[in-house]
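A.B. asks: Hey, dropping work.tsv in here, TSV, C-alpha atoms:
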chain	number	residue	atom	x	y	z
A	11	MET	CA	3.73	-3.54	23.87
A	12	SER	CA	0.22	-2.16	23.36
A	13	LYS	CA	-2.26	-3.94	21.10
A	14	LEU	CA	-2.39	-0.94	18.74
A	15	VAL	CA	1.41	-0.70	18.31
A	16	LYS	CA	1.63	-4.45	17.72
A	17	GLN	CA	-1.18	-4.17	15.18
A	18	ILE	CA	0.51	-1.27	13.36
A	19	ILE	CA	3.77	-3.24	13.16
A	20	ARG	CA	1.94	-6.27	11.78
A	21	PHE	CA	0.07	-4.05	9.31
A	22	SER	CA	3.41	-2.61	8.12
A	23	VAL	CA	4.89	-6.08	7.64
A	24	VAL	CA	1.84	-7.18	5.63
A	25	GLY	CA	2.10	-3.98	3.57
A	26	GLY	CA	5.77	-4.68	2.86
A	27	ILE	CA	5.03	-8.23	1.76
A	28	SER	CA	2.18	-6.99	-0.44
A	29	PHE	CA	4.45	-4.36	-1.99
A	30	VAL	CA	7.06	-7.00	-2.88
A	31	VAL	CA	4.38	-9.23	-4.44
A	32	ASP	CA	2.96	-6.25	-6.37
A	33	PHE	CA	6.42	-5.16	-7.57
A	34	ILE	CA	7.49	-8.64	-8.72
A	35	VAL	CA	4.18	-9.49	-10.44
A	36	THR	CA	4.04	-6.07	-12.13
A	37	ASN	CA	7.51	-6.48	-13.59
A	38	VAL	CA	7.15	-10.14	-14.59
A	39	VAL	CA	3.79	-9.59	-16.32
A	40	ALA	CA	5.03	-6.41	-18.05
A	41	ARG	CA	8.12	-8.22	-19.30
A	42	LEU	CA	6.06	-11.16	-20.58
A	43	ILE	CA	3.63	-8.85	-22.37
A	44	ARG	CA	6.46	-6.80	-23.90
A	45	GLY	CA	7.91	-10.11	-25.09
A	46	ILE	CA	4.83	-10.71	-27.24
A	47	GLY	CA	5.14	-7.27	-28.81
A	48	MET	CA	3.05	-4.94	-26.63
A	49	GLU	CA	4.26	-1.34	-26.27
A	50	ALA	CA	6.20	-0.66	-23.03
A	51	THR	CA	3.81	1.82	-21.38
A	52	THR	CA	0.75	-0.33	-22.06
A	53	ALA	CA	2.61	-3.42	-20.82
A	54	ALA	CA	3.61	-1.56	-17.65
A	55	LEU	CA	0.01	-0.52	-17.03
A	56	MET	CA	-1.28	-4.07	-17.60
A	57	GLY	CA	1.42	-5.48	-15.34
A	58	ALA	CA	0.57	-2.91	-12.66
A	59	LEU	CA	-3.11	-3.87	-12.78
A	60	VAL	CA	-2.34	-7.59	-12.40
A	61	GLY	CA	0.21	-6.87	-9.66
A	62	PHE	CA	-2.27	-4.68	-7.77
A	63	LEU	CA	-5.03	-7.31	-7.95
A	64	ILE	CA	-2.79	-10.16	-6.78
A	65	SER	CA	-1.26	-8.06	-3.99
A	66	ILE	CA	-4.78	-7.12	-2.80
A	67	ILE	CA	-5.61	-10.82	-2.40
A	68	VAL	CA	-2.34	-11.48	-0.54
A	69	ASN	CA	-2.91	-8.39	1.63
A	70	TYR	CA	-6.49	-9.45	2.42
A	71	ILE	CA	-5.50	-12.97	3.46
A	72	LEU	CA	-2.59	-11.81	5.63
A	73	SER	CA	-4.44	-8.82	7.12
A	74	MET	CA	-7.51	-10.77	8.11
A	75	HIS	CA	-5.43	-13.61	9.54
A	76	TRP	CA	-2.63	-11.73	11.28
A	77	VAL	CA	-3.59	-8.05	11.72
A	78	PHE	CA	-7.34	-7.64	12.23
A	79	ALA	CA	-9.81	-9.85	14.11
A	80	ARG	CA	-12.73	-10.76	11.86
A	81	LYS	CA	-16.26	-9.64	12.62
A	82	GLU	CA	-18.12	-12.87	13.32
A	83	ASN	CA	-21.38	-11.62	11.79
A	84	MET	CA	-19.84	-10.71	8.41
A	85	ASN	CA	-19.52	-13.29	5.64
A	86	ARG	CA	-16.22	-13.53	3.76
A	87	ALA	CA	-17.62	-12.30	0.42
A	88	LYS	CA	-18.91	-9.09	2.03
A	89	GLU	CA	-15.67	-8.71	4.00
A	90	PHE	CA	-13.54	-9.08	0.85
A	91	THR	CA	-15.79	-6.68	-1.09
A	92	ILE	CA	-15.38	-4.03	1.62
A	93	PHE	CA	-11.62	-4.68	1.65
A	94	LEU	CA	-11.50	-4.32	-2.15
A	95	VAL	CA	-13.54	-1.09	-2.15
A	96	LEU	CA	-11.35	0.44	0.58
A	97	SER	CA	-8.23	-0.61	-1.36
A	98	ALA	CA	-9.59	0.93	-4.58
A	99	ILE	CA	-10.28	4.19	-2.73
A	100	GLY	CA	-6.73	4.01	-1.37
A	101	LEU	CA	-5.41	3.51	-4.89
A	102	GLY	CA	-7.37	6.54	-6.10
A	103	LEU	CA	-6.09	8.58	-3.17
A	104	ASN	CA	-2.56	7.44	-3.97
A	105	GLU	CA	-2.91	8.61	-7.59
A	106	LEU	CA	-4.38	11.98	-6.54
A	107	ILE	CA	-1.60	12.61	-4.02
A	108	ILE	CA	1.08	11.73	-6.58
A	109	LEU	CA	-0.60	14.01	-9.14
A	110	GLY	CA	-0.78	16.82	-6.57
A	111	CYS	CA	2.87	16.39	-5.55
A	112	MET	CA	4.08	16.28	-9.15
A	113	THR	CA	2.00	19.38	-9.99
A	114	LEU	CA	3.52	21.24	-7.04
A	115	ILE	CA	7.04	20.17	-7.95
A	116	ASN	CA	6.61	21.26	-11.55
A	117	ASN	CA	4.86	24.57	-10.82
A	118	VAL	CA	6.11	25.93	-7.48
A	119	GLY	CA	9.58	27.43	-7.38
A	120	TRP	CA	10.66	26.30	-3.92
A	121	CYS	CA	9.39	22.75	-4.63
A	122	GLN	CA	11.46	22.67	-7.83
A	123	ALA	CA	14.52	23.98	-5.97
A	124	PHE	CA	14.10	21.43	-3.16
A	125	THR	CA	13.65	18.58	-5.65
A	126	GLN	CA	16.74	19.69	-7.55
A	127	TRP	CA	18.70	19.82	-4.29
A	128	CYS	CA	17.54	16.26	-3.48
A	129	THR	CA	18.48	15.16	-7.02
A	130	ASP	CA	21.98	16.61	-6.58
A	131	ILE	CA	22.42	14.71	-3.30
A	132	VAL	CA	21.06	11.42	-4.69
A	133	ASN	CA	23.29	11.72	-7.75
A	134	HIS	CA	26.34	11.31	-5.49
A	135	PHE	CA	25.24	7.69	-4.98
A	136	ALA	CA	23.30	6.77	-8.12
A	137	ASP	CA	22.29	8.34	-11.41
A	138	PHE	CA	18.79	9.77	-10.99
A	139	THR	CA	16.94	12.34	-13.04
A	140	PHE	CA	14.94	15.22	-11.61
A	141	ASP	CA	11.76	13.43	-12.74
A	142	GLY	CA	12.87	10.20	-11.07
A	143	VAL	CA	13.47	11.92	-7.74
A	144	ALA	CA	10.18	13.82	-8.06
A	145	THR	CA	8.31	10.58	-8.74
A	146	ALA	CA	10.02	8.71	-5.89
A	147	GLY	CA	9.39	11.55	-3.42
A	148	SER	CA	5.76	11.81	-4.47
A	149	LYS	CA	5.31	8.05	-4.10
A	150	ILE	CA	6.84	8.08	-0.60
A	151	ILE	CA	4.47	10.86	0.53
A	152	ALA	CA	1.46	9.13	-1.04
A	153	THR	CA	2.39	5.76	0.46
A	154	ALA	CA	2.63	7.20	3.97
A	155	ILE	CA	-0.76	8.91	3.73
A	156	VAL	CA	-2.51	5.94	2.09
A	157	MET	CA	-1.04	3.55	4.65
A	158	VAL	CA	-2.72	5.55	7.43
A	159	PHE	CA	-5.98	5.67	5.42
A	160	ASN	CA	-5.88	1.89	4.83
A	161	PHE	CA	-5.17	1.08	8.47
A	162	VAL	CA	-7.87	3.37	9.88
A	163	THR	CA	-10.59	2.37	7.40
A	164	ARG	CA	-9.91	-1.35	7.75
A	165	LYS	CA	-9.93	-0.99	11.52
A	166	ILE	CA	-13.29	0.83	11.38
A	167	PHE	CA	-15.08	-1.30	8.78
A	168	LEU	CA	-13.56	-4.77	9.11
A	169	GLU	CA	-12.31	-5.34	12.64
A	170	LYS	CA	-14.29	-7.04	15.37
A	171	LYS	CA	-14.60	-4.78	18.44
A	172	ASP	CA	-14.29	-5.82	22.08
A	173	GLU	CA	-16.90	-4.73	24.62
A	174	ASP	CA	-14.83	-1.62	25.41
A	175	GLY	CA	-14.91	-0.55	21.74
A	176	THR	CA	-11.27	-1.37	21.03
A	177	GLY	CA	-10.17	-3.82	18.37
A	178	SER	CA	-9.77	-7.47	19.19
A	179	GLU	CA	-6.55	-9.38	18.79
A	180	PRO	CA	-6.58	-11.63	15.72
A	181	VAL	CA	-6.52	-15.32	16.41
A	182	VAL	CA	-3.03	-16.36	15.36
A	183	GLU	CA	-1.96	-19.91	15.85
A	184	GLU	CA	1.43	-19.94	17.51
A	185	GLU	CA	3.94	-22.56	16.47
A	186	GLU	CA	5.43	-24.62	19.25
Could you write out this structure as structure tokens?
C.D. replies:
Amino acid sequence: MSKLVKQIIRFSVVGGISFVVDFIVTNVVARLIRGIGMEATTAALMGALVGFLISIIVNYILSMHWVFARKENMNRAKEFTIFLVLSAIGLGLNELIILGCMTLINNVGWCQAFTQWCTDIVNHFADFTFDGVATAGSKIIATAIVMVFNFVTRKIFLEKKDEDGTGSEPVVEEEE
């Protein structure tokens, strides 16, 4: 298997782990904050912020250990700052894509018809609203695009390069 394919698979696994951490932390924090009387939307936003921040740390540790080979001449504080900035740009891109998708769905006839068709299909298995399907579809599109953005930018800005210009394999200690 090529180094790039192996790296993409590892990046996807790290992304999946980070998503699970983000999802769990978001919901736990939101529930705790609602329990002390905070309004649901505000609690959800606070939980999402905490979940995002914790998942970024988990993603950084796993990515720089298992996916990307570190640049030897870059200190960890600078490396993490670059990682954080790239992640924040990815978050902004994610929000813009979701906004764009939702705007299209709500304002373009064929997008509304397609979303309604998807809603009708999904409703055979579970009870979903039009808005729920629109949100889920928008999130899937945004996630796919941002995943490519995150991989490419981290590879460019954070990965050590071999003499031939390709990325190095990360040093992963194999268990015996």
A.B. asks: So the first atom is CA of Val23 (chain A) and the second is CA of Asn37 (chain A); what is the distance between them in Å, to one decimal place?
C.D. replies: 21.4 Å
A.B. asks: Report, in Å to a single decimal, how far apart CA of Gly61 (chain A) and CA of Phe90 (chain A) are.
C.D. replies: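 Going from CA of Phe90 (chain A) over to CA of Gly61 (chain A), I get 17.4 Å.
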A.B. asks: Report, in Å with one decimal, the straight-line distance from CA of Ile46 (chain A) to CA of Phe29 (chain A).
C.D. replies: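 Calculated distance between CA of Ile46 (chain A) and CA of Phe29 (chain A) is 26.0 Å.
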A.B. asks: Pick out the closest residue to Cys121 (chain A) from this set: A:Gly102, A:Ile108, A:Ala144, A:Ala58. Count only C-alpha atoms.
C.D. replies: A:Ala144
A.B. asks: Excluding region 147-153 of chain A and its own-chain neighbours fewer than 6 positions away, which residues fall within 9 Å of it when counting all atoms listed in the file? Please give them as a list in words.
C.D. replies: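 Counting all atoms listed in the file, the residues come to Leu103, Asn104, Glu105, Leu106, Ile107, Ile108, Leu109, Gly110, Cys111, Met112 and Thr125 of chain A.
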A.B. asks: My list of candidates is A:Ala98, A:Met157, A:Ala146, A:Val68. Which is closest to Ser28 (chain A) when distances are computed with only C-alpha atoms?
C.D. replies: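 Distance minimum relative to Ser28 (chain A) lands on A:Val68.
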A.B. asks: I'd like the contact shell of Leu55 (chain A) - 12 Å cut-off, only C-alpha atoms, skipping same-chain residues fewer than 4 positions apart - returned as a ChimeraX atom specification.
C.D. replies: /A:35-37,39-41,43-44,48-51,59-62
A.B. asks: Take the residues from that selection and write them out as a tab-separated table (two decimals), in the frame of the given file, keeping C-alpha atoms.
C.D. replies:
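Written file, out_14.tsv:
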chain	number	residue	atom	x	y	z
A	35	VAL	CA	4.18	-9.49	-10.44
A	36	THR	CA	4.04	-6.07	-12.13
A	37	ASN	CA	7.51	-6.48	-13.59
A	39	VAL	CA	3.79	-9.59	-16.32
A	40	ALA	CA	5.03	-6.41	-18.05
A	41	ARG	CA	8.12	-8.22	-19.30
A	43	ILE	CA	3.63	-8.85	-22.37
A	44	ARG	CA	6.46	-6.80	-23.90
A	48	MET	CA	3.05	-4.94	-26.63
A	49	GLU	CA	4.26	-1.34	-26.27
A	50	ALA	CA	6.20	-0.66	-23.03
A	51	THR	CA	3.81	1.82	-21.38
A	59	LEU	CA	-3.11	-3.87	-12.78
A	60	VAL	CA	-2.34	-7.59	-12.40
A	61	GLY	CA	0.21	-6.87	-9.66
A	62	PHE	CA	-2.27	-4.68	-7.77
A.B. asks: Pick the closest to Gln122 (chain A) from A:Lys13, A:Asp141, A:Ala136, A:Thr163: which is it, counting all atoms listed in the file?
C.D. replies: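 Among A:Lys13, A:Asp141, A:Ala136, A:Thr163, it is A:Asp141 that comes nearest to Gln122 (chain A).
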A.B. asks: Taking only C-alpha atoms into account, which of A:Gly57, A:Gly47, A:Gly25, A:Gly142 comes nearest Phe161 (chain A)?
C.D. replies: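 Going through A:Gly57, A:Gly47, A:Gly25, A:Gly142 one by one, the smallest distance to Phe161 (chain A) is for A:Gly25.
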A.B. asks: Looking at A:Thr129, A:Ser65, A:Thr52, A:Ser73, which one is nearest to Val143 (chain A), with distances taken over all atoms listed in the file?
C.D. replies: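 Looking only at the distances to Val143 (chain A), the closest residue turns out to be A:Thr129.
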A.B. asks: Is it possible to add N, CA, C and O atoms to region 103-124 of chain A and hand it back as a short mmCIF file (atom, residue, chain, number, x, y, z; two decimals), in the coordinates of the input?
C.D. replies:
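Here's the written file out05.cif:
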data_model
loop_
_atom_site.label_atom_id
_atom_site.label_comp_id
_atom_site.auth_asym_id
_atom_site.auth_seq_id
_atom_site.Cartn_x
_atom_site.Cartn_y
_atom_site.Cartn_z
N LEU A 103 -6.73 7.58 -4.02
CA LEU A 103 -6.09 8.58 -3.17
C LEU A 103 -4.60 8.66 -3.46
O LEU A 103 -4.02 9.76 -3.58
N ASN A 104 -3.98 7.51 -3.63
CA ASN A 104 -2.56 7.44 -3.97
C ASN A 104 -2.28 8.20 -5.27
O ASN A 104 -1.36 9.02 -5.35
N GLU A 105 -3.10 7.94 -6.29
CA GLU A 105 -2.91 8.61 -7.59
C GLU A 105 -3.11 10.12 -7.47
O GLU A 105 -2.35 10.90 -8.05
N LEU A 106 -4.13 10.54 -6.72
CA LEU A 106 -4.38 11.98 -6.54
C LEU A 106 -3.24 12.68 -5.80
O LEU A 106 -2.85 13.79 -6.15
N ILE A 107 -2.71 12.02 -4.78
CA ILE A 107 -1.60 12.61 -4.02
C ILE A 107 -0.36 12.73 -4.90
O ILE A 107 0.32 13.76 -4.90
N ILE A 108 -0.07 11.68 -5.67
CA ILE A 108 1.08 11.73 -6.58
C ILE A 108 0.89 12.84 -7.61
O ILE A 108 1.80 13.63 -7.87
N LEU A 109 -0.31 12.94 -8.19
CA LEU A 109 -0.60 14.01 -9.14
C LEU A 109 -0.41 15.38 -8.50
O LEU A 109 0.20 16.28 -9.08
N GLY A 110 -0.93 15.54 -7.28
CA GLY A 110 -0.78 16.82 -6.57
C GLY A 110 0.67 17.16 -6.29
O GLY A 110 1.11 18.30 -6.50
N CYS A 111 1.44 16.17 -5.83
CA CYS A 111 2.87 16.39 -5.55
C CYS A 111 3.63 16.76 -6.82
O CYS A 111 4.43 17.70 -6.82
N MET A 112 3.38 16.01 -7.88
CA MET A 112 4.08 16.28 -9.15
C MET A 112 3.71 17.66 -9.69
O MET A 112 4.56 18.38 -10.22
N THR A 113 2.44 18.05 -9.54
CA THR A 113 2.00 19.38 -9.99
C THR A 113 2.71 20.47 -9.18
O THR A 113 3.19 21.45 -9.75
N LEU A 114 2.80 20.27 -7.87
CA LEU A 114 3.52 21.24 -7.04
C LEU A 114 4.99 21.33 -7.44
O LEU A 114 5.54 22.43 -7.58
N ILE A 115 5.62 20.20 -7.60
CA ILE A 115 7.04 20.17 -7.95
C ILE A 115 7.29 20.88 -9.27
O ILE A 115 8.28 21.61 -9.42
N ASN A 116 6.40 20.68 -10.23
CA ASN A 116 6.61 21.26 -11.55
C ASN A 116 6.17 22.72 -11.67
O ASN A 116 6.53 23.38 -12.64
N ASN A 117 5.41 23.22 -10.68
CA ASN A 117 4.86 24.57 -10.82
C ASN A 117 5.19 25.53 -9.69
O ASN A 117 4.84 26.71 -9.78
N VAL A 118 5.79 25.06 -8.62
CA VAL A 118 6.11 25.93 -7.48
C VAL A 118 7.63 26.00 -7.33
O VAL A 118 8.29 24.97 -7.19
N GLY A 119 8.14 27.23 -7.37
CA GLY A 119 9.58 27.43 -7.38
C GLY A 119 10.35 26.75 -6.26
O GLY A 119 11.34 26.06 -6.51
N TRP A 120 9.89 26.90 -5.01
CA TRP A 120 10.66 26.30 -3.92
C TRP A 120 10.59 24.78 -3.96
O TRP A 120 11.54 24.10 -3.55
N CYS A 121 9.48 24.20 -4.48
CA CYS A 121 9.39 22.75 -4.63
C CYS A 121 10.37 22.26 -5.69
O CYS A 121 11.02 21.23 -5.52
N GLN A 122 10.49 23.02 -6.78
CA GLN A 122 11.46 22.67 -7.83
C GLN A 122 12.88 22.75 -7.28
O GLN A 122 13.70 21.85 -7.52
N ALA A 123 13.17 23.81 -6.53
CA ALA A 123 14.52 23.98 -5.97
C ALA A 123 14.84 22.86 -4.98
O ALA A 123 15.95 22.31 -5.00
N PHE A 124 13.88 22.50 -4.13
CA PHE A 124 14.10 21.43 -3.16
C PHE A 124 14.32 20.10 -3.87
O PHE A 124 15.21 19.33 -3.51
#
